[in-house]
Amino acid sequence: MIPLSLYVHFPWCVSHCPYCDFNAHAASTFDESRYIDCLVQEFRRAAGEAQGRTIESVFFGGGTPSRFSPTAIGRVLNVIRTEFDCSSSLEVTLEANPQSADRENFTGYREAGVNRLSIGVQSFDDHCLRRIGRAHGREDACAAIDFARQAGFSRFNLDLMYGLPNQQIDQARADLEKALEFEPEHLSWYQLTLEPGTPFAAKPPPLPDGDHLWEMYVEGAGILERAGYAQYEVSAWCRDGAVCRHNVNYWEYGDYLGVGAGAHGKLTDAAGEVFRTVQAYSPDDWMGAVEREGPEIERRHRGADNRIFEFMLGALRLKAGAAWVLFEARTGQSRKVLDGMLEKARALGLVTESSQGLRASAQGWRYLDDLCELFLPIGA
């Protein structure tokens, strides 16, 4: 059985960062009660698609889920437990931004059933934070992490970025060293990218060049390894095997229900056909549709070529790579269909193969986008 997760989207932020291409809407206030009512109604519909399957993880993403009250989050989790068959070891992650962090709220989230926080620090350098439009400062970030500890969270992730505008290598190093002082079990450390449609893409800030980015990455990887963190995904590091199970399910081409404004999902039916789903983008449009006749859900069938590319795009992000047995089970294709695609990858030294599977070589890890492009459908 393909693992099943649940992603719940909370679309509002205090402000919209210029690099962000997520479905986030800046608003000083919003109707929490109405949105939660709509989520509850949608869970009851979505439960029909999960019959006979167990929810392994729940991820509250955004936007800024930590702008919602513990009462609201508790109501959501109670309905999820009622409507779905949930694993006894259910992982429940909630994203939190430092500017909306609160010790009392964090305690309330934990009591409601959230057992993992992901705190969007991005940087501990006030100058870097201002350059990327973040609404918090260094002290806010440090306080948020302290609140998580005081609230009893033993499991939390810190989100950090490198390659920020005008960032120097010593600044990137200092960010990691500061993060390690808090001894998080998990770190997401990833490069700032210019996403289409964002203000930064329209008017790019001065970013470090490729050589400096690679130096930052190599030095940062060394710092994390010496501190006892293992890299299991291109931008994820953890101690003692504390991977984010929800994200690993994404990378291994597992299934997930997407609920909320603009939420994406991926489902495999009984015949092995794969569908991508997306709900209405605008919070008002989404709530209106739920209240009238049900949410507007676009479904896109994924043919064999798309399944192959999507699987490899995720699995090659993992240090362990793509297991042949998983590839065949999740895509419905024989590994032999990859022979032509792998020929160039082998010639370029981008992959390492075994009887168990395929993974990026050291060269392939550095040029991961180029490796993944080799699996694109013809004409894409």
# chains A, B, ... in the order shown; residues from 1 in each chain; ligands from 1
call {"tool": "select_by_dssp", "arguments": {"residues": "range 58-240 of chain A", "states": "alpha helix (DSSP H)", "output": "ChimeraX atom specification"}}
result
/A:70-83,103-112,126-131,138-150,169-181,199-202,210-226
call {"tool": "residues_around", "arguments": {"residues": "range 154-161 of chain A", "least_positions_apart": "3", "cutoff": "7 Å", "atoms": "only C-alpha atoms", "output": "MDAnalysis selection string"}}
result
chainID A and resid 115:123 149 184:192
call {"tool": "closest_residue", "arguments": {"among": "A:Met287, A:Met341, A:Ala151, A:Ala360", "to": "Val234 in chain A", "atoms": "only C-alpha atoms"}}
result
A:Ala360
call {"tool": "residues_around", "arguments": {"residues": "range 27-39 of chain A", "least_positions_apart": "2", "cutoff": "10 Å", "atoms": "only C-alpha atoms", "output": "number ranges by chain"}}
result
A: 8-16, 24-25, 41-45, 67-69, 72-73, 75-76, 79-80, 259-261, 283-284, 286-291, 294-295
call {"tool": "write_last_selection", "arguments": {"atoms": "C-alpha atoms", "output": "compact mmCIF listing (two decimals), in the first residue's frame"}}
result
# COMPACT_ATOMS: atom_id res chain seq x y z
CA VAL A 8 -3.45 21.31 5.18
CA HIS A 9 -2.88 24.83 3.86
CA PHE A 10 -3.25 28.01 5.93
CA PRO A 11 -2.90 30.87 3.43
CA TRP A 12 -2.40 34.08 5.43
CA CYS A 13 0.85 35.84 6.34
CA VAL A 14 1.63 39.13 8.04
CA SER A 15 3.53 40.13 4.88
CA HIS A 16 4.51 38.46 1.63
CA ALA A 24 0.47 33.19 0.76
CA HIS A 25 -1.76 36.24 1.20
CA GLN A 41 -16.38 20.37 5.79
CA GLU A 42 -13.64 19.53 3.30
CA PHE A 43 -12.08 16.89 5.57
CA ARG A 44 -15.39 15.08 5.61
CA ARG A 45 -15.44 15.01 1.81
CA ARG A 67 -1.26 32.79 13.10
CA PHE A 68 -4.13 30.41 13.91
CA SER A 69 -5.10 29.83 17.54
CA ALA A 72 -8.50 26.26 15.85
CA ILE A 73 -5.62 23.82 15.37
CA ARG A 75 -10.44 21.51 16.31
CA VAL A 76 -8.78 20.62 13.00
CA VAL A 79 -11.83 16.26 13.09
CA ILE A 80 -8.89 14.64 11.29
CA VAL A 259 -6.86 20.40 1.74
CA GLY A 260 -7.27 24.19 1.89
CA ALA A 261 -6.93 27.17 -0.45
CA PRO A 283 -8.97 31.88 0.03
CA ASP A 284 -12.25 33.69 -0.64
CA TRP A 286 -12.07 28.45 -2.00
CA MET A 287 -14.28 29.16 1.01
CA GLY A 288 -17.12 30.29 -1.22
CA ALA A 289 -16.93 27.09 -3.27
CA VAL A 290 -16.83 24.88 -0.16
CA GLU A 291 -19.86 26.66 1.30
CA GLY A 294 -17.93 21.78 -2.62
CA PRO A 295 -14.36 22.87 -3.43
call {"tool": "closest_residue", "arguments": {"among": "A:Glu56, A:Asp269, A:Glu296, A:Glu104", "to": "Tyr281 in chain A", "atoms": "only C-alpha atoms"}}
result
A:Glu296
call {"tool": "select_by_dssp", "arguments": {"residues": "range 95-312 of chain A", "states": "strand (DSSP E)", "output": "PyMOL selection string"}}
result
chain A and resi 95-96+116-122+156-162+186-191+230-233+236-238+255-259+264-268+274-279+297-302
call {"tool": "write_last_selection", "arguments": {"atoms": "C-alpha atoms", "output": "PDB file, in the first residue's frame"}}
result
ATOM      1  CA  GLU A  95       5.040  25.648  10.387  1.00  0.00           C
ATOM      2  CA  ALA A  96       5.686  28.704  12.559  1.00  0.00           C
ATOM      3  CA  ARG A 116       6.757  18.698  15.512  1.00  0.00           C
ATOM      4  CA  LEU A 117       7.386  22.386  14.758  1.00  0.00           C
ATOM      5  CA  SER A 118       9.113  23.844  11.711  1.00  0.00           C
ATOM      6  CA  ILE A 119      10.351  27.358  12.495  1.00  0.00           C
ATOM      7  CA  GLY A 120      11.077  29.682   9.549  1.00  0.00           C
ATOM      8  CA  VAL A 121      14.252  31.366  10.806  1.00  0.00           C
ATOM      9  CA  GLN A 122      15.907  31.811   7.348  1.00  0.00           C
ATOM     10  CA  PHE A 156      11.554  20.769  15.800  1.00  0.00           C
ATOM     11  CA  ASN A 157      13.089  21.869  12.527  1.00  0.00           C
ATOM     12  CA  LEU A 158      14.865  25.130  11.782  1.00  0.00           C
ATOM     13  CA  ASP A 159      14.530  26.523   8.249  1.00  0.00           C
ATOM     14  CA  LEU A 160      17.675  28.335   7.073  1.00  0.00           C
ATOM     15  CA  MET A 161      18.643  29.740   3.677  1.00  0.00           C
ATOM     16  CA  TYR A 162      22.008  30.543   2.145  1.00  0.00           C
ATOM     17  CA  HIS A 186      16.440  18.643  12.128  1.00  0.00           C
ATOM     18  CA  LEU A 187      17.712  21.436   9.886  1.00  0.00           C
ATOM     19  CA  SER A 188      16.422  22.474   6.465  1.00  0.00           C
ATOM     20  CA  TRP A 189      19.265  24.397   4.830  1.00  0.00           C
ATOM     21  CA  TYR A 190      18.634  25.447   1.258  1.00  0.00           C
ATOM     22  CA  GLN A 191      19.732  27.953  -1.356  1.00  0.00           C
ATOM     23  CA  ALA A 230      23.450  13.408   8.497  1.00  0.00           C
ATOM     24  CA  GLN A 231      22.236  14.720   5.165  1.00  0.00           C
ATOM     25  CA  TYR A 232      19.365  12.566   3.915  1.00  0.00           C
ATOM     26  CA  GLU A 233      17.945  14.931   1.274  1.00  0.00           C
ATOM     27  CA  ALA A 236      17.604  18.361   4.838  1.00  0.00           C
ATOM     28  CA  TRP A 237      19.848  17.282   7.712  1.00  0.00           C
ATOM     29  CA  CYS A 238      19.005  15.438  10.909  1.00  0.00           C
ATOM     30  CA  ASP A 255       0.299   9.867  -1.897  1.00  0.00           C
ATOM     31  CA  TYR A 256      -1.053  12.879  -0.055  1.00  0.00           C
ATOM     32  CA  LEU A 257      -4.386  14.632   0.235  1.00  0.00           C
ATOM     33  CA  GLY A 258      -4.207  18.418  -0.133  1.00  0.00           C
ATOM     34  CA  VAL A 259      -6.862  20.402   1.741  1.00  0.00           C
ATOM     35  CA  HIS A 264      -1.949  20.387  -3.941  1.00  0.00           C
ATOM     36  CA  GLY A 265      -2.350  16.632  -3.649  1.00  0.00           C
ATOM     37  CA  LYS A 266      -1.288  13.416  -5.344  1.00  0.00           C
ATOM     38  CA  LEU A 267      -3.400  10.248  -5.352  1.00  0.00           C
ATOM     39  CA  THR A 268      -3.064   6.771  -6.826  1.00  0.00           C
ATOM     40  CA  VAL A 274      -1.888   8.665 -10.665  1.00  0.00           C
ATOM     41  CA  PHE A 275      -3.640  12.029 -10.378  1.00  0.00           C
ATOM     42  CA  ARG A 276      -2.404  15.436  -9.227  1.00  0.00           C
ATOM     43  CA  THR A 277      -5.014  17.646  -7.567  1.00  0.00           C
ATOM     44  CA  VAL A 278      -5.123  21.366  -6.822  1.00  0.00           C
ATOM     45  CA  GLN A 279      -7.815  23.385  -5.063  1.00  0.00           C
ATOM     46  CA  ILE A 297     -10.616  20.688  -7.478  1.00  0.00           C
ATOM     47  CA  GLU A 298      -8.605  20.377 -10.651  1.00  0.00           C
ATOM     48  CA  ARG A 299      -7.451  16.816 -11.370  1.00  0.00           C
ATOM     49  CA  ARG A 300      -4.608  16.074 -13.749  1.00  0.00           C
ATOM     50  CA  HIS A 301      -3.901  12.527 -14.858  1.00  0.00           C
ATOM     51  CA  ARG A 302      -0.210  11.637 -14.890  1.00  0.00           C
TER      52      ARG A 302
END
call {"tool": "residues_around", "arguments": {"residues": "Phe309 in chain A", "least_positions_apart": "5", "cutoff": "8 Å", "atoms": "only C-alpha atoms", "output": "list of chain:residue names"}}
result
A:Cys372, A:Phe375, A:Leu376, A:Pro377
call {"tool": "write_last_selection", "arguments": {"atoms": "N, CA, C and O atoms", "output": "PDB file, in the first residue's frame"}}
result
ATOM      1  N   CYS A 372      18.278  15.455 -13.197  1.00  0.00           N
ATOM      2  CA  CYS A 372      16.833  15.237 -13.244  1.00  0.00           C
ATOM      3  C   CYS A 372      16.247  15.550 -14.625  1.00  0.00           C
ATOM      4  O   CYS A 372      15.294  14.893 -15.071  1.00  0.00           O
ATOM      5  N   PHE A 375      15.452  12.921 -17.305  1.00  0.00           N
ATOM      6  CA  PHE A 375      14.269  12.061 -17.228  1.00  0.00           C
ATOM      7  C   PHE A 375      12.994  12.769 -17.665  1.00  0.00           C
ATOM      8  O   PHE A 375      11.909  12.209 -17.557  1.00  0.00           O
ATOM      9  N   LEU A 376      13.136  13.996 -18.164  1.00  0.00           N
ATOM     10  CA  LEU A 376      11.977  14.720 -18.660  1.00  0.00           C
ATOM     11  C   LEU A 376      11.347  13.979 -19.848  1.00  0.00           C
ATOM     12  O   LEU A 376      12.060  13.416 -20.686  1.00  0.00           O
ATOM     13  N   PRO A 377      10.015  13.991 -19.947  1.00  0.00           N
ATOM     14  CA  PRO A 377       9.367  13.417 -21.134  1.00  0.00           C
ATOM     15  C   PRO A 377       9.851  14.103 -22.398  1.00  0.00           C
ATOM     16  O   PRO A 377      10.164  15.304 -22.398  1.00  0.00           O
TER      17      PRO A 377
END
call {"tool": "residues_around", "arguments": {"residues": "Asp140 in chain A", "least_positions_apart": "4", "cutoff": "7 Å", "atoms": "only C-alpha atoms", "output": "PyMOL selection string"}}
result
chain A and resi 98-99+136+144
call {"tool": "closest_residue", "arguments": {"among": "A:Gly48, A:Gly210, A:Pro205, A:Gly364", "to": "Leu350 in chain A", "atoms": "only C-alpha atoms"}}
result
A:Gly364
